[in-house]
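*Asks:* The structure is given below, and queries will be raised subsequently.
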Amino acid sequence: MTDHSNTPRTTPRASATFDEYTLSEIRRAAATGIYDIRGAGAKRKLPHFDDLLFLGASMSRYPLEGYREKCSTEVLLGTRFAKKPIELKIPITIAGMSFGSLSANAKEALGRGASAMGTSTTTGDGGMTNEERGHSTQLVYQYLPSRYGMNPDDLKRADAIEVVVGQGAKPGGGGMLLGQKITERVAGMRTLPVGIDQRSACRHPDWTGPDDLEIKIEELREITDWEKPIYVKVGAARPYYDTALAVKSGADVVVVDGMQGGTAATQEIFIEHVGIPTLAAVRQAVKALQDLGMHRKVQLVVSGGIRNGADVAKALALGADAVAIGTAALVALGDNDPHWQGEYEKLGTHAGAYDDWHEGRDPAGITTQDPELMKRLDPVAAGRRLANYLAVLTLECQTIARACGKSHVHNLEPEDLVALTIEAAAMANVPLAGTNWIPGSNGTF
Amino acid sequence: MNLSLKQAGDVAGTKLVDLSTSSVRELNAALHALAADTNETFWKVAHPNGRHAIAAGLDAAIDIEIDGPVGYYCAGMNKRGRVIVNGNAGVGVGENMMSGFIHVKGDASQSAGATAHGGLLVIDGNASARCGISMKGIDIVVKGSVGHLSAFMGQAGTLTVLGDAGEALGDSLYEAKLFVRGSVAGLGADCIEKEMRDEHKALLASKLEAAGILGEVDIGEFRRYGSARTLYHFHVDNVSSY
């Protein structure tokens, strides 16, 4: 018998295809028979704003003096038809997140932080709460397929209306709110039995397609006497056509949400495999507006993975009028904070990775309806943190804009950008750094 | 009120609005501007010609009679108003109604009474697909038949159908109560026929009475449908229904 004890062995090799996460998901699926549900947006590595760089000023472009020369940041949304457009002091808004998915304290904190910085916040798939309305100087009221809590009084006390066709985390999917979070108050606002696993519709109940949407928008304008800006929000999938059709339908503002945009709860497989990255969506949406002669007339709000002032500046340079933040706003409030590391570990996760927002056990008291957990979030202090964060995003964006010689952040333009990768160059329609090459620059996508 | 509403004239205390000479915007603006204690409580609208959003956003305890067919979303989000349509109604008549009364004397298109929270919608003729979709407390009485997917995801309220119901009645139903006198082409996921007990007969009688037809039909001929509540919680055994 041959002795193999001294034969060198290869290092055990894990499969790149069947990696550790994949194996764990197969085991979980086999044990439960139900798909994995989680919150947040796409977690995979995607082409993103990090793949772009600003060129800054040089011999042919003059920078502005930081702290001395003004770089304006105000934004008007809804100038096309609305009698009362939204006036934001900064080009960063708070994306739609529902009461139900978030605690009342979290919604209050979002309102406080946004209002302190002169920007708007947005309701979600669960109606408008008094806390939210009371603490938001400018509140966008979402009009969703479920129409939970929808009523004309809230419609009239909103500052703008956002017709939600889809969201980046799940274009083509409806909302979910599992029973743990359907408390008596949440159930009452949604006219649902307490404790059920709520499934929102994915299509609107009384219109189908852009021709109907045009009539729906006309109705909403009639109900609100043509005062409110009407946004149309789409998940990034076919942003060129969706933007064009939203304009055709009469939108004042188009909101395009990339696949990094978060959700309160949906299937993991949906989040990671449906839709396109934010970077890939912006230029297509802008091109649609330009082709229709509506760029800057119908405003464009971009969301999905906005983290810092550079992301804001890049989105604006590509042609957006403003950005919206959701996940980053929650982190600013205290979501996934290392302070709660011990409790995250008890939930089988760790700070920074916690995404079981649907379970309602958020140690930070944000994505929960548990009264005891909710108390952990001080809405005043959390609102202050959000205001600080928004201020930093704005200052960072201004810093870049000044470096590019812009006296308003809207003066940033694609010409200020280059890409680090061929993919990003193709998606953003800007040259690969150090070259004049824009992949696909023959005029087609 | 500074409006250029071209009225056909006031007849015996009734405000007359002719939509062949006035716009829907002018009509709705006038309706929205009514004071809470208005004495202009009777309105007639002529020549609607299928225009959309007529009387949308009404929030006044007044009567409006519309002489002719209306387009989409007539009396959408109505609060307190009593609206009579002497003709057919387009998509979404009475959508998201909160309270009040809408009476369509002809047929209604798709999504009649969609997502409505309250009030009573009576349709003398037939209603097309998705009648009462996502209803949240409205009472709907259809004297004719309803199309497919009626009361889809119905959350609360009642849908009473004197005629037949199309495919997938009450699909993914929550707590809305459905009464059908005629045939049902098929029930949707989680919708089942339920026993018609005395309290349900009394409930049905109250809806028929509100619609002004109590005694005209035999309550014993109706069958009741409701949620089996098996889809209220995600479970592997229900995977074929998701």
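Order determines the names: the first chain of the structure tokens is A, the second B, and so forth; residues in each chain are numbered 1 upward, and ligands are numbered 1 upward as they are shown.
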Considering only C-alpha atoms, give me a table of residues in chain A that are at most 8 Å from chain B, with the closest atom pair and distance in Å for each, as a tab-separated table.
*Replies:*
```
residue	atom	partner	partner_atom	distance
A:Thr32	CA	B:Val236	CA	7.3
A:Gly33	CA	B:Val236	CA	5.3
A:Ile34	CA	B:Val236	CA	5.7
A:Ser146	CA	B:Ser134	CA	7.2
A:Arg147	CA	B:Thr115	CA	6.7
A:Met150	CA	B:Asn96	CA	7.6
A:Asn151	CA	B:Met77	CA	7.0
A:Pro152	CA	B:Met77	CA	6.2
A:Gly179	CA	B:His233	CA	7.6
A:Thr191	CA	B:Lys136	CA	6.3
A:Leu192	CA	B:Gln155	CA	6.5
A:Pro193	CA	B:Glu175	CA	8.0
A:Ile196	CA	B:Tyr232	CA	5.1
A:Asp197	CA	B:His233	CA	5.0
A:Gln198	CA	B:Tyr232	CA	7.3
A:Pro205	CA	B:Ile133	CA	6.3
A:Asp206	CA	B:Ser111	CA	5.4
A:Ile215	CA	B:His52	CA	7.2
A:Lys216	CA	B:Tyr73	CA	7.8
A:Glu218	CA	B:Ala53	CA	7.4
A:Glu219	CA	B:Ala53	CA	5.2
A:Glu222	CA	B:Ala56	CA	6.6
A:Ile223	CA	B:Gly57	CA	4.3
A:Thr224	CA	B:Gly57	CA	7.5
A:Asp225	CA	B:Ala29	CA	6.8
```
*Asks:* List as a list in words the protein and nucleic acid residues near range 55-60 of chain A, meaning an atom at most 8 Å away when only C-alpha atoms are counted, but skip any in the same chain fewer than 4 places from it.
*Replies:*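 Here the qualifying residues turn out to be Ile400, Ala403, Cys404, Gly405, Asp416, Leu417 and Val418 of chain A.
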*Asks:* Just the selected residues (N, CA and C atoms), exported as a JSON list (two decimals), in the first residue's frame, please.
*Replies:*
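In the end it all went to result_7.json:
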```json
[["chain", "number", "residue", "atom", "x", "y", "z"],
["A", 400, "ILE", "N", -16.81, 70.80, -4.78],
["A", 400, "ILE", "CA", -16.50, 70.29, -6.12],
["A", 400, "ILE", "C", -16.94, 71.27, -7.19],
["A", 403, "ALA", "N", -14.57, 74.06, -7.45],
["A", 403, "ALA", "CA", -13.32, 73.61, -8.08],
["A", 403, "ALA", "C", -13.47, 73.54, -9.59],
["A", 404, "CYS", "N", -14.70, 73.34, -10.02],
["A", 404, "CYS", "CA", -14.97, 73.29, -11.47],
["A", 404, "CYS", "C", -15.38, 74.66, -12.00],
["A", 405, "GLY", "N", -15.35, 75.67, -11.12],
["A", 405, "GLY", "CA", -15.64, 77.03, -11.56],
["A", 405, "GLY", "C", -17.11, 77.34, -11.71],
["A", 416, "ASP", "N", -17.39, 68.19, -17.24],
["A", 416, "ASP", "CA", -16.53, 68.23, -16.06],
["A", 416, "ASP", "C", -16.08, 66.84, -15.63],
["A", 417, "LEU", "N", -16.61, 65.81, -16.25],
["A", 417, "LEU", "CA", -16.41, 64.44, -15.75],
["A", 417, "LEU", "C", -15.59, 63.58, -16.71],
["A", 418, "VAL", "N", -14.87, 62.62, -16.14],
["A", 418, "VAL", "CA", -14.31, 61.51, -16.89],
["A", 418, "VAL", "C", -14.60, 60.23, -16.11]]
```
*Asks:* DSSP on the backbone: which residues in range 152-353 of chain A end up as alpha helix (DSSP H)? Give the answer as a PyMOL selection string.
*Replies:* chain A and resi 152-157+184-190+209-223+239-248+268-273+278-291+309-317+327-333+341-346
*Asks:* Using only C-alpha atoms, please write the residues we just selected to a file, as a PDB file, in the first residue's frame.
*Replies:*
```pdb
ATOM      1  CA  PRO A 152     -58.221  64.108  -0.326  1.00  0.00           C
ATOM      2  CA  ASP A 153     -57.519  65.998   2.877  1.00  0.00           C
ATOM      3  CA  ASP A 154     -53.928  64.759   3.038  1.00  0.00           C
ATOM      4  CA  LEU A 155     -53.622  65.314  -0.691  1.00  0.00           C
ATOM      5  CA  LYS A 156     -54.555  68.949  -0.180  1.00  0.00           C
ATOM      6  CA  ARG A 157     -52.229  69.469   2.785  1.00  0.00           C
ATOM      7  CA  GLU A 184     -52.969  48.549  15.467  1.00  0.00           C
ATOM      8  CA  ARG A 185     -52.020  52.038  14.328  1.00  0.00           C
ATOM      9  CA  VAL A 186     -50.360  50.866  11.115  1.00  0.00           C
ATOM     10  CA  ALA A 187     -53.256  48.525  10.369  1.00  0.00           C
ATOM     11  CA  GLY A 188     -55.762  51.293  11.011  1.00  0.00           C
ATOM     12  CA  MET A 189     -54.044  53.646   8.600  1.00  0.00           C
ATOM     13  CA  ARG A 190     -53.977  50.935   5.933  1.00  0.00           C
ATOM     14  CA  GLY A 209     -50.138  52.835 -19.143  1.00  0.00           C
ATOM     15  CA  PRO A 210     -49.140  56.404 -19.987  1.00  0.00           C
ATOM     16  CA  ASP A 211     -52.392  57.394 -21.696  1.00  0.00           C
ATOM     17  CA  ASP A 212     -54.345  56.569 -18.558  1.00  0.00           C
ATOM     18  CA  LEU A 213     -51.693  58.143 -16.355  1.00  0.00           C
ATOM     19  CA  GLU A 214     -52.188  61.422 -18.176  1.00  0.00           C
ATOM     20  CA  ILE A 215     -55.857  61.354 -17.185  1.00  0.00           C
ATOM     21  CA  LYS A 216     -54.995  60.308 -13.623  1.00  0.00           C
ATOM     22  CA  ILE A 217     -52.613  63.231 -13.290  1.00  0.00           C
ATOM     23  CA  GLU A 218     -55.315  65.514 -14.645  1.00  0.00           C
ATOM     24  CA  GLU A 219     -57.654  64.232 -11.922  1.00  0.00           C
ATOM     25  CA  LEU A 220     -55.061  64.806  -9.187  1.00  0.00           C
ATOM     26  CA  ARG A 221     -54.493  68.323 -10.494  1.00  0.00           C
ATOM     27  CA  GLU A 222     -58.232  68.969 -10.533  1.00  0.00           C
ATOM     28  CA  ILE A 223     -58.628  67.733  -6.960  1.00  0.00           C
ATOM     29  CA  PRO A 239     -35.277  55.201 -18.057  1.00  0.00           C
ATOM     30  CA  TYR A 240     -35.221  56.776 -21.528  1.00  0.00           C
ATOM     31  CA  TYR A 241     -38.721  55.637 -22.408  1.00  0.00           C
ATOM     32  CA  ASP A 242     -40.111  55.866 -18.887  1.00  0.00           C
ATOM     33  CA  THR A 243     -38.926  59.442 -18.565  1.00  0.00           C
ATOM     34  CA  ALA A 244     -40.311  60.374 -21.966  1.00  0.00           C
ATOM     35  CA  LEU A 245     -43.658  58.791 -21.134  1.00  0.00           C
ATOM     36  CA  ALA A 246     -43.783  60.491 -17.739  1.00  0.00           C
ATOM     37  CA  VAL A 247     -43.269  63.817 -19.493  1.00  0.00           C
ATOM     38  CA  LYS A 248     -45.939  62.919 -22.021  1.00  0.00           C
ATOM     39  CA  GLU A 268     -33.450  39.446  -2.092  1.00  0.00           C
ATOM     40  CA  ILE A 269     -33.525  37.994  -5.593  1.00  0.00           C
ATOM     41  CA  PHE A 270     -35.654  40.917  -6.783  1.00  0.00           C
ATOM     42  CA  ILE A 271     -33.345  43.526  -5.270  1.00  0.00           C
ATOM     43  CA  GLU A 272     -30.209  42.073  -6.784  1.00  0.00           C
ATOM     44  CA  HIS A 273     -31.451  40.999 -10.206  1.00  0.00           C
ATOM     45  CA  THR A 278     -28.272  54.493 -10.893  1.00  0.00           C
ATOM     46  CA  LEU A 279     -25.233  55.453 -12.962  1.00  0.00           C
ATOM     47  CA  ALA A 280     -26.689  53.708 -15.995  1.00  0.00           C
ATOM     48  CA  ALA A 281     -30.037  55.445 -15.603  1.00  0.00           C
ATOM     49  CA  VAL A 282     -29.141  59.109 -15.236  1.00  0.00           C
ATOM     50  CA  ARG A 283     -27.922  59.884 -18.732  1.00  0.00           C
ATOM     51  CA  GLN A 284     -30.760  58.014 -20.395  1.00  0.00           C
ATOM     52  CA  ALA A 285     -33.296  59.976 -18.379  1.00  0.00           C
ATOM     53  CA  VAL A 286     -31.519  63.248 -19.157  1.00  0.00           C
ATOM     54  CA  LYS A 287     -31.328  62.383 -22.840  1.00  0.00           C
ATOM     55  CA  ALA A 288     -35.069  61.759 -22.930  1.00  0.00           C
ATOM     56  CA  LEU A 289     -35.662  65.196 -21.436  1.00  0.00           C
ATOM     57  CA  GLN A 290     -33.220  66.806 -23.850  1.00  0.00           C
ATOM     58  CA  ASP A 291     -34.720  65.063 -26.858  1.00  0.00           C
ATOM     59  CA  GLY A 309     -21.328  65.232  -1.859  1.00  0.00           C
ATOM     60  CA  ALA A 310     -19.359  63.783  -4.733  1.00  0.00           C
ATOM     61  CA  ASP A 311     -22.263  61.494  -5.602  1.00  0.00           C
ATOM     62  CA  VAL A 312     -24.578  64.505  -5.466  1.00  0.00           C
ATOM     63  CA  ALA A 313     -22.275  66.565  -7.675  1.00  0.00           C
ATOM     64  CA  LYS A 314     -21.872  63.752 -10.192  1.00  0.00           C
ATOM     65  CA  ALA A 315     -25.614  63.196 -10.481  1.00  0.00           C
ATOM     66  CA  LEU A 316     -26.127  66.915 -11.033  1.00  0.00           C
ATOM     67  CA  ALA A 317     -23.283  67.092 -13.541  1.00  0.00           C
ATOM     68  CA  THR A 327     -30.615  54.538   3.088  1.00  0.00           C
ATOM     69  CA  ALA A 328     -28.010  57.210   3.812  1.00  0.00           C
ATOM     70  CA  ALA A 329     -30.605  59.249   5.696  1.00  0.00           C
ATOM     71  CA  LEU A 330     -31.437  56.241   7.860  1.00  0.00           C
ATOM     72  CA  VAL A 331     -27.752  55.704   8.605  1.00  0.00           C
ATOM     73  CA  ALA A 332     -27.490  59.365   9.598  1.00  0.00           C
ATOM     74  CA  LEU A 333     -30.390  58.826  11.996  1.00  0.00           C
ATOM     75  CA  GLN A 341     -23.246  45.848  17.782  1.00  0.00           C
ATOM     76  CA  GLY A 342     -24.083  43.482  20.639  1.00  0.00           C
ATOM     77  CA  GLU A 343     -27.740  43.490  19.735  1.00  0.00           C
ATOM     78  CA  TYR A 344     -27.075  43.063  16.035  1.00  0.00           C
ATOM     79  CA  GLU A 345     -25.028  39.981  16.899  1.00  0.00           C
ATOM     80  CA  LYS A 346     -27.988  38.556  18.811  1.00  0.00           C
TER      81      LYS A 346
END
```
*Asks:* Tell me, which residues of range 115-295 of chain A carry DSSP strand (DSSP E or B), written as a ChimeraX atom specification?
*Replies:* /A:121-122,124,127,139-143,160-164,176-177,198-199,230-235,253-257,266-267,295
*Asks:* Between B:Ala46, B:Ala36, B:Ala205, B:Ile84, which is the closest to Lys15 in chain B once you count only C-alpha atoms?
*Replies:* B:Ala46
*Asks:* With a distance cut-off of 10 Å and only C-alpha atoms, select the neighbouring residues of Thr160 in chain B, excluding the residue or stretch itself and same-chain residues fewer than 4 positions from it, and output the selection as a ChimeraX atom specification.
*Replies:* /B:122,139-146,177-181,204,207-208,222-224
*Asks:* Nearest to Ile37 in chain A among A:Asn388, A:Glu25, A:Ser441, A:Ile90, with distances taken over only C-alpha atoms: which residue is it?
*Replies:* A:Glu25
*Asks:* Show me, as a list of chain:residue names, the residues that have an atom within 12 Å of Val184 in chain B when counting only C-alpha atoms, minus same-chain residues fewer than 6 positions from it.
*Replies:*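 Listed by chain and then number, they are B:Ser145, B:Val146, B:Gly147, B:His148, B:Leu149, B:Ser150, B:Val161, B:Leu162, B:Gly163, B:Asp164, B:Ala165, B:Gly166, B:Glu167, B:Ala168, B:Leu169, B:Gly170, B:Leu178, B:Cys191, B:Ile192, B:Glu193, B:Phe222, B:Arg223, B:Arg224, B:Tyr225.
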*Asks:* So that I can check the surroundings of Val302 in chain A, please list as a PDB file with C-alpha atoms, in the first residue's frame every protein, DNA and RNA residue that reaches within 6 Å of it, counting only C-alpha atoms and ignoring chain neighbours fewer than 4 positions away.
*Replies:*
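Written file, around03.pdb:
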```pdb
ATOM      1  CA  VAL A 255     -37.867  60.676 -10.170  1.00  0.00           C
ATOM      2  CA  VAL A 256     -35.570  57.879 -11.351  1.00  0.00           C
ATOM      3  CA  ASP A 257     -34.503  55.414  -8.678  1.00  0.00           C
ATOM      4  CA  VAL A 323     -31.033  63.799  -5.714  1.00  0.00           C
TER       5      VAL A 323
END
```
*Asks:* Using only C-alpha atoms, which of B:Ala210, B:Ala35, B:Ala108, B:Ala129 sits nearest Pro69 in chain B?
*Replies:*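 The shortest atom-to-atom distance to Pro69 in chain B comes from B:Ala108.
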*Asks:* What is the CA of Pro431 in chain A-CA of Phe49 in chain A distance in Å, reported with one decimal?
*Replies:* 14.1 Å
*Asks:* Which one of A:Asp337, A:Glu108, A:Glu69, A:Asp362 sits closest to Arg384 in chain A if you count only C-alpha atoms?
*Replies:*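 For Arg384 in chain A, the nearest of the candidates is A:Glu108.
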*Asks:* Got a sec: who's within 7 Å of Ala387 in chain A, counting only C-alpha atoms, leaving out chain neighbours fewer than 6 positions off, as a compact mmCIF listing (two decimals) with C-alpha atoms, in the first residue's frame?
*Replies:*
```
# COMPACT_ATOMS: atom_id res chain seq x y z
CA GLY A 113 -33.62 67.12 9.69
CA ALA A 114 -34.93 67.91 6.22
CA ALA A 116 -33.75 72.34 9.19
CA MET A 117 -31.90 72.26 5.88
```
